[in-house]
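First comes the structure, then the notes that go with it.
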Amino acid sequence: MRPLVRAVGLLVVAVLSFRAAPAAAYPWMVEHGYTACAQCHIDPSGGSAMTDYGRAQAEILLRSHYGKADAESAPGRAADFMFGIFDKADADRQPGAEAAKTQFFGQVDARGLVIPEPGNFRWILMQADLRAGLQTELFTLYGSVGAVSDGGEGAWLTQNPDGFNLVSREYWAGITPTKGVMIRAGRMSLPFGIRSEQHVLYTRSATRTTTNDDQQLGLSFNYGSRKIRAEIMGIAGNLQVSPDSFRERGYAGFLAWAPKNRIELGLSSQIRYAALDVDTSAPSLRQAHGVFGRYSPVAHFAIMGEADATMNRPTSDVGGTTAFGGVAELEVDVEPVQGLHLKAGGEYCDNDWSDSLAAVGTGWGAAQWFLAPKVDLRVDGMYGALYCTPGGAAQPMALAQVHVYL
């Protein structure tokens, strides 16, 4: 039993150290009829801090309610930042008065877990972020700062390889010249594929689009309407990575169409060049292009999937071989009772179809329970390879986490 516990503990550390996913983007909200992201999130492509509307829906739709509930009742103070203790303006507002056109918003997110490894009992701080900003009808300012005890190197503000580090995952300024359009500049999550809270997805790690520390500095144009979501971002590099030769330049973007409010189909594309690749320490040109989709045939049930073709060419080698590969994932989510989500999925990845190494895959199941206002628990069990490393041996893995936001 001890070797199994030790193995699970080490695997959990590996998961958290490299690919924790702190942003609470829930693509399975399509099962509640939501395909757009801008309604609930400050970032119009999902993730980041929530809008007032998003907080209200989290209280009404996401969490478990105990006893008889009135479907017409308002979410109340439970949905507000810090449960409304700082919201004096709303408390004093007269009936019928308009809300202020300039709004300050904040959100605190914390995630962590304990690893009961014999002889090496540890507590891991996955995320402790303060997210704040200011929003008017024309402008939005947004940023985050926090701390991690492991991993997240791409978002580090400090450089302590053996302990806690300050991180800043996002900071940007945006302008909304007309309804449905936002132009942003700063450090942002890359617009590509399905933005999800799911950990260690090949589609996110192989395409380098995780929400943990893969954000990049750049300029973004976002458009959203009832049926169309689209974003294109010019990538200028990650200033929190040095020297400059390791910073990537290029573009990333997606286009998604929702013919109905329970289905969405999309295309993604990115091309990024680095003078020195962080994995190979050689110049390279990386590309990824693919499709994704979300579908809810009935309420409280969603199917989501993504498939991407990947290409990596060493630019320093004249006539060098381009590695063509692929990555895909399929996931289902069912909500048998409000607040409890049961999930299952599978993944495939091969970063070079021409070599002799076998592709890798992972199957997983999870239970996520939104048990109280602003609190959810999640337990994952997996079997397969942790990362897209062809030829890697399959093994059992486990991950448990608690998420609290205010």
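Every chain in the structure tokens has a letter given in the order shown (A, B, ...), and although residue numbers restart at 1 in each chain, ligands are simply numbered from 1 in the order shown.
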Range 143-381 of chain A: which residues are alpha helix (DSSP H) by DSSP, as number ranges by chain?
A: 202-205
For Glu347 in chain A, please output as a PyMOL selection string all residues within 6 Å (counting only C-alpha atoms; exclusion window: fewer than 4 positions along the same chain).
chain A and resi 328-329+361-362
Export of the given selection (N, CA and C atoms) as a CSV table (one decimal), in the first residue's frame:
chain,number,residue,atom,x,y,z
A,328,ALA,N,-6.2,15.1,-29.3
A,328,ALA,CA,-7.7,15.1,-29.3
A,328,ALA,C,-8.2,14.7,-27.9
A,329,GLU,N,-9.3,15.3,-27.5
A,329,GLU,CA,-10.0,14.9,-26.3
A,329,GLU,C,-11.5,14.9,-26.4
A,361,GLY,N,-2.3,8.0,-24.4
A,361,GLY,CA,-3.6,8.3,-24.2
A,361,GLY,C,-3.9,8.2,-22.7
A,362,THR,N,-5.0,8.8,-22.3
A,362,THR,CA,-5.4,8.9,-20.9
A,362,THR,C,-7.0,8.8,-20.8
Need to verify the contact set: range 175-185 of chain A, 12 Å, only C-alpha atoms, exclusion of same-chain residues closer than 3 positions in sequence. Can you return it as a PyMOL selection string?
chain A and resi 36-39+42-45+134-143+170-172+188-189+216-236
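Closest approach to Thr310 in chain A among A:Val379, A:Leu166, A:Val200, A:Cys388 is made by A:Cys388 (distances from only C-alpha atoms).
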How would you write, as JSON, numbers by chain, the set of residues in range 46-225 of chain A that DSSP gives as strand (DSSP E)?
{"A": [103, 104, 105, 106, 107, 108, 109, 110, 111, 112, 113, 114, 115, 122, 123, 124, 125, 126, 127, 128, 129, 130, 131, 132, 133, 134, 135, 139, 140, 141, 142, 143, 144, 145, 146, 147, 148, 165, 166, 167, 171, 172, 173, 174, 175, 181, 182, 183, 184, 185, 186, 187, 188, 216, 217, 218, 219, 220, 221, 222, 223, 224]}
Using the selection just defined, write its residues with C-alpha atoms as a PDB file, in the first residue's frame.
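As a result, out15.pdb now contains:
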ATOM      1  CA  GLN A 103     -17.752  49.750 -11.446  1.00  0.00           C
ATOM      2  CA  PHE A 104     -14.859  48.398  -9.424  1.00  0.00           C
ATOM      3  CA  PHE A 105     -14.756  44.637  -9.135  1.00  0.00           C
ATOM      4  CA  GLY A 106     -12.666  42.128  -7.240  1.00  0.00           C
ATOM      5  CA  GLN A 107     -12.369  38.406  -6.729  1.00  0.00           C
ATOM      6  CA  VAL A 108     -10.167  36.200  -4.556  1.00  0.00           C
ATOM      7  CA  ASP A 109      -9.504  32.612  -5.698  1.00  0.00           C
ATOM      8  CA  ALA A 110      -7.724  29.943  -3.666  1.00  0.00           C
ATOM      9  CA  ARG A 111      -7.063  26.308  -4.545  1.00  0.00           C
ATOM     10  CA  GLY A 112      -5.024  23.760  -2.672  1.00  0.00           C
ATOM     11  CA  LEU A 113      -4.707  20.215  -1.432  1.00  0.00           C
ATOM     12  CA  VAL A 114      -2.836  17.989   0.995  1.00  0.00           C
ATOM     13  CA  ILE A 115      -0.638  15.114  -0.193  1.00  0.00           C
ATOM     14  CA  ARG A 122       2.796  18.194   2.158  1.00  0.00           C
ATOM     15  CA  TRP A 123       0.327  20.954   1.555  1.00  0.00           C
ATOM     16  CA  ILE A 124       0.337  22.394  -1.967  1.00  0.00           C
ATOM     17  CA  LEU A 125      -0.870  25.905  -2.743  1.00  0.00           C
ATOM     18  CA  MET A 126      -2.097  25.702  -6.313  1.00  0.00           C
ATOM     19  CA  GLN A 127      -3.552  29.195  -6.489  1.00  0.00           C
ATOM     20  CA  ALA A 128      -4.009  32.249  -4.287  1.00  0.00           C
ATOM     21  CA  ASP A 129      -4.965  35.054  -6.645  1.00  0.00           C
ATOM     22  CA  LEU A 130      -6.434  38.491  -6.113  1.00  0.00           C
ATOM     23  CA  ARG A 131      -8.177  39.635  -9.275  1.00  0.00           C
ATOM     24  CA  ALA A 132      -9.353  43.213  -9.559  1.00  0.00           C
ATOM     25  CA  GLY A 133     -10.269  45.871 -12.061  1.00  0.00           C
ATOM     26  CA  LEU A 134     -12.385  48.768 -13.145  1.00  0.00           C
ATOM     27  CA  GLN A 135     -15.044  48.797 -15.826  1.00  0.00           C
ATOM     28  CA  PHE A 139     -12.997  50.937 -20.821  1.00  0.00           C
ATOM     29  CA  THR A 140     -11.975  47.876 -18.796  1.00  0.00           C
ATOM     30  CA  LEU A 141      -8.819  47.531 -16.698  1.00  0.00           C
ATOM     31  CA  TYR A 142      -8.029  44.099 -15.258  1.00  0.00           C
ATOM     32  CA  GLY A 143      -5.159  42.358 -13.481  1.00  0.00           C
ATOM     33  CA  SER A 144      -4.274  39.581 -11.073  1.00  0.00           C
ATOM     34  CA  VAL A 145      -1.513  38.925  -8.561  1.00  0.00           C
ATOM     35  CA  GLY A 146      -1.043  35.905  -6.349  1.00  0.00           C
ATOM     36  CA  ALA A 147       1.238  33.193  -5.036  1.00  0.00           C
ATOM     37  CA  VAL A 148       1.999  29.528  -5.713  1.00  0.00           C
ATOM     38  CA  ASN A 165       6.680  32.620  -5.771  1.00  0.00           C
ATOM     39  CA  LEU A 166       4.562  35.639  -6.579  1.00  0.00           C
ATOM     40  CA  VAL A 167       2.729  35.296  -9.875  1.00  0.00           C
ATOM     41  CA  TYR A 171      -3.032  42.155 -16.748  1.00  0.00           C
ATOM     42  CA  TRP A 172      -4.649  44.025 -19.589  1.00  0.00           C
ATOM     43  CA  ALA A 173      -6.589  47.091 -20.666  1.00  0.00           C
ATOM     44  CA  GLY A 174      -9.546  46.929 -23.016  1.00  0.00           C
ATOM     45  CA  ILE A 175     -11.773  49.282 -24.934  1.00  0.00           C
ATOM     46  CA  VAL A 181     -16.513  44.292 -29.611  1.00  0.00           C
ATOM     47  CA  MET A 182     -13.551  44.499 -27.249  1.00  0.00           C
ATOM     48  CA  ILE A 183      -9.973  45.425 -28.162  1.00  0.00           C
ATOM     49  CA  ARG A 184      -7.409  44.528 -25.497  1.00  0.00           C
ATOM     50  CA  ALA A 185      -3.686  44.923 -24.918  1.00  0.00           C
ATOM     51  CA  GLY A 186      -1.632  43.248 -22.208  1.00  0.00           C
ATOM     52  CA  ARG A 187      -0.933  39.773 -20.873  1.00  0.00           C
ATOM     53  CA  MET A 188      -3.860  37.451 -21.686  1.00  0.00           C
ATOM     54  CA  GLN A 216       1.280  35.929 -23.483  1.00  0.00           C
ATOM     55  CA  LEU A 217       1.622  39.664 -23.987  1.00  0.00           C
ATOM     56  CA  GLY A 218      -0.184  40.898 -27.062  1.00  0.00           C
ATOM     57  CA  LEU A 219      -3.007  42.753 -28.781  1.00  0.00           C
ATOM     58  CA  SER A 220      -6.418  41.117 -29.098  1.00  0.00           C
ATOM     59  CA  PHE A 221      -9.629  41.774 -31.027  1.00  0.00           C
ATOM     60  CA  ASN A 222     -12.732  40.026 -29.675  1.00  0.00           C
ATOM     61  CA  TYR A 223     -16.220  39.894 -31.162  1.00  0.00           C
ATOM     62  CA  GLY A 224     -19.285  38.337 -29.606  1.00  0.00           C
TER      63      GLY A 224
END
Within 12 Å of His289 in chain A, counting only C-alpha atoms, which residues qualify if same-chain residues fewer than 2 places away don't, as a ChimeraX atom specification?
/A:192-193,203,206-207,251-255,266-272,286-287,291-292,306-311,324-328
Keeping only N, CA and C atoms, write the selected residues as a compact mmCIF listing (two decimals), in the first residue's frame.
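File written: again11.txt
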# COMPACT_ATOMS: atom_id res chain seq x y z
N PHE A 192 -7.75 29.92 -27.98
CA PHE A 192 -7.54 28.69 -28.76
C PHE A 192 -8.32 27.56 -28.11
N GLY A 193 -9.18 26.89 -28.88
CA GLY A 193 -9.86 25.71 -28.41
C GLY A 193 -10.84 25.98 -27.27
N THR A 203 -4.81 18.65 -25.06
CA THR A 203 -5.12 19.74 -25.98
C THR A 203 -4.62 21.09 -25.46
N ALA A 206 -0.19 20.35 -25.07
CA ALA A 206 0.50 20.18 -26.35
C ALA A 206 0.45 21.44 -27.20
N THR A 207 -0.61 22.24 -27.06
CA THR A 207 -0.72 23.49 -27.81
C THR A 207 -0.24 24.70 -27.01
N TYR A 251 0.60 34.48 -33.68
CA TYR A 251 -0.81 34.78 -33.49
C TYR A 251 -1.52 33.54 -32.96
N ALA A 252 -2.70 33.76 -32.36
CA ALA A 252 -3.61 32.68 -31.97
C ALA A 252 -5.03 33.21 -32.10
N GLY A 253 -5.95 32.35 -32.47
CA GLY A 253 -7.32 32.81 -32.61
C GLY A 253 -8.31 31.67 -32.77
N PHE A 254 -9.58 32.00 -32.64
CA PHE A 254 -10.64 31.02 -32.85
C PHE A 254 -11.88 31.72 -33.42
N LEU A 255 -12.74 30.91 -34.02
CA LEU A 255 -14.04 31.36 -34.51
C LEU A 255 -15.05 30.28 -34.14
N GLY A 266 -16.56 25.16 -33.50
CA GLY A 266 -15.52 26.17 -33.66
C GLY A 266 -14.27 25.69 -34.35
N LEU A 267 -13.48 26.66 -34.82
CA LEU A 267 -12.17 26.45 -35.44
C LEU A 267 -11.14 27.24 -34.66
N SER A 268 -9.92 26.67 -34.53
CA SER A 268 -8.83 27.35 -33.85
C SER A 268 -7.58 27.31 -34.72
N SER A 269 -6.71 28.31 -34.53
CA SER A 269 -5.46 28.34 -35.29
C SER A 269 -4.42 29.15 -34.53
N GLN A 270 -3.18 28.69 -34.59
CA GLN A 270 -2.08 29.48 -34.04
C GLN A 270 -0.77 29.12 -34.73
N ILE A 271 0.09 30.13 -34.86
CA ILE A 271 1.46 29.96 -35.36
C ILE A 271 2.35 30.80 -34.47
N ARG A 272 3.40 30.18 -33.91
CA ARG A 272 4.28 30.88 -32.98
C ARG A 272 5.74 30.53 -33.25
N ARG A 286 6.26 26.68 -34.34
CA ARG A 286 5.21 25.78 -33.89
C ARG A 286 3.85 26.23 -34.45
N GLN A 287 3.06 25.24 -34.87
CA GLN A 287 1.72 25.53 -35.35
C GLN A 287 0.74 24.54 -34.74
N VAL A 291 -10.34 21.85 -34.58
CA VAL A 291 -11.78 22.06 -34.44
C VAL A 291 -12.18 21.73 -33.01
N PHE A 292 -13.30 22.30 -32.57
CA PHE A 292 -13.83 21.97 -31.26
C PHE A 292 -15.35 22.11 -31.29
N GLU A 306 -12.43 18.27 -28.73
CA GLU A 306 -11.50 19.10 -29.49
C GLU A 306 -10.48 18.20 -30.17
N ALA A 307 -10.09 18.55 -31.38
CA ALA A 307 -9.05 17.83 -32.11
C ALA A 307 -8.17 18.84 -32.83
N ASP A 308 -6.85 18.72 -32.66
CA ASP A 308 -5.91 19.67 -33.24
C ASP A 308 -4.77 18.94 -33.94
N ALA A 309 -4.37 19.47 -35.08
CA ALA A 309 -3.16 19.02 -35.75
C ALA A 309 -2.02 19.92 -35.31
N THR A 310 -0.88 19.34 -34.98
CA THR A 310 0.28 20.12 -34.53
C THR A 310 1.43 19.94 -35.49
N MET A 311 2.23 21.00 -35.60
CA MET A 311 3.40 20.99 -36.47
C MET A 311 4.54 21.73 -35.79
N PHE A 324 4.91 16.38 -37.70
CA PHE A 324 3.45 16.50 -37.75
C PHE A 324 2.85 15.57 -36.72
N GLY A 325 1.92 16.07 -35.95
CA GLY A 325 1.28 15.25 -34.94
C GLY A 325 -0.17 15.64 -34.74
N GLY A 326 -0.77 15.08 -33.70
CA GLY A 326 -2.17 15.39 -33.42
C GLY A 326 -2.52 15.16 -31.97
N VAL A 327 -3.56 15.84 -31.54
CA VAL A 327 -4.02 15.74 -30.16
C VAL A 327 -5.54 15.87 -30.16
N ALA A 328 -6.20 15.09 -29.30
CA ALA A 328 -7.66 15.13 -29.26
C ALA A 328 -8.16 14.75 -27.88
List as a PyMOL selection string the protein and nucleic acid residues near Met50 in chain A, meaning an atom at most 6 Å away when only C-alpha atoms are counted, but skip any in the same chain fewer than 2 places from it.
chain A and resi 40-42+54
Have a look at CA of Gly47 in chain A and CA of Glu197 in chain A and let me know their distance in Å, one decimal.
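A separation of 8.6 Å between them.
Taking only C-alpha atoms into account, Gln368 in chain A lies nearest to A:Ala400 out of the set A:Ile303, A:Cys349, A:Leu386, A:Ala400.
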Let me make sure I understand: among A:Gly151, A:Gln198, A:Ala282, A:Thr209, which one has the smallest atom-to-atom distance to Arg378 in chain A if we use only C-alpha atoms?
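Of A:Gly151, A:Gln198, A:Ala282, A:Thr209, the one nearest Arg378 in chain A is A:Gln198, counting only C-alpha atoms.
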Could you tell me how far CA of Thr321 in chain A lies from CA of Ser354 in chain A, in Å and to one decimal?
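Value for the CA of Thr321 in chain A-CA of Ser354 in chain A distance: 10.1 Å.
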Just to confirm, what's the straight-line distance from CA of Met304 in chain A to CA of Leu330 in chain A in Å (one decimal)?
5.9 Å
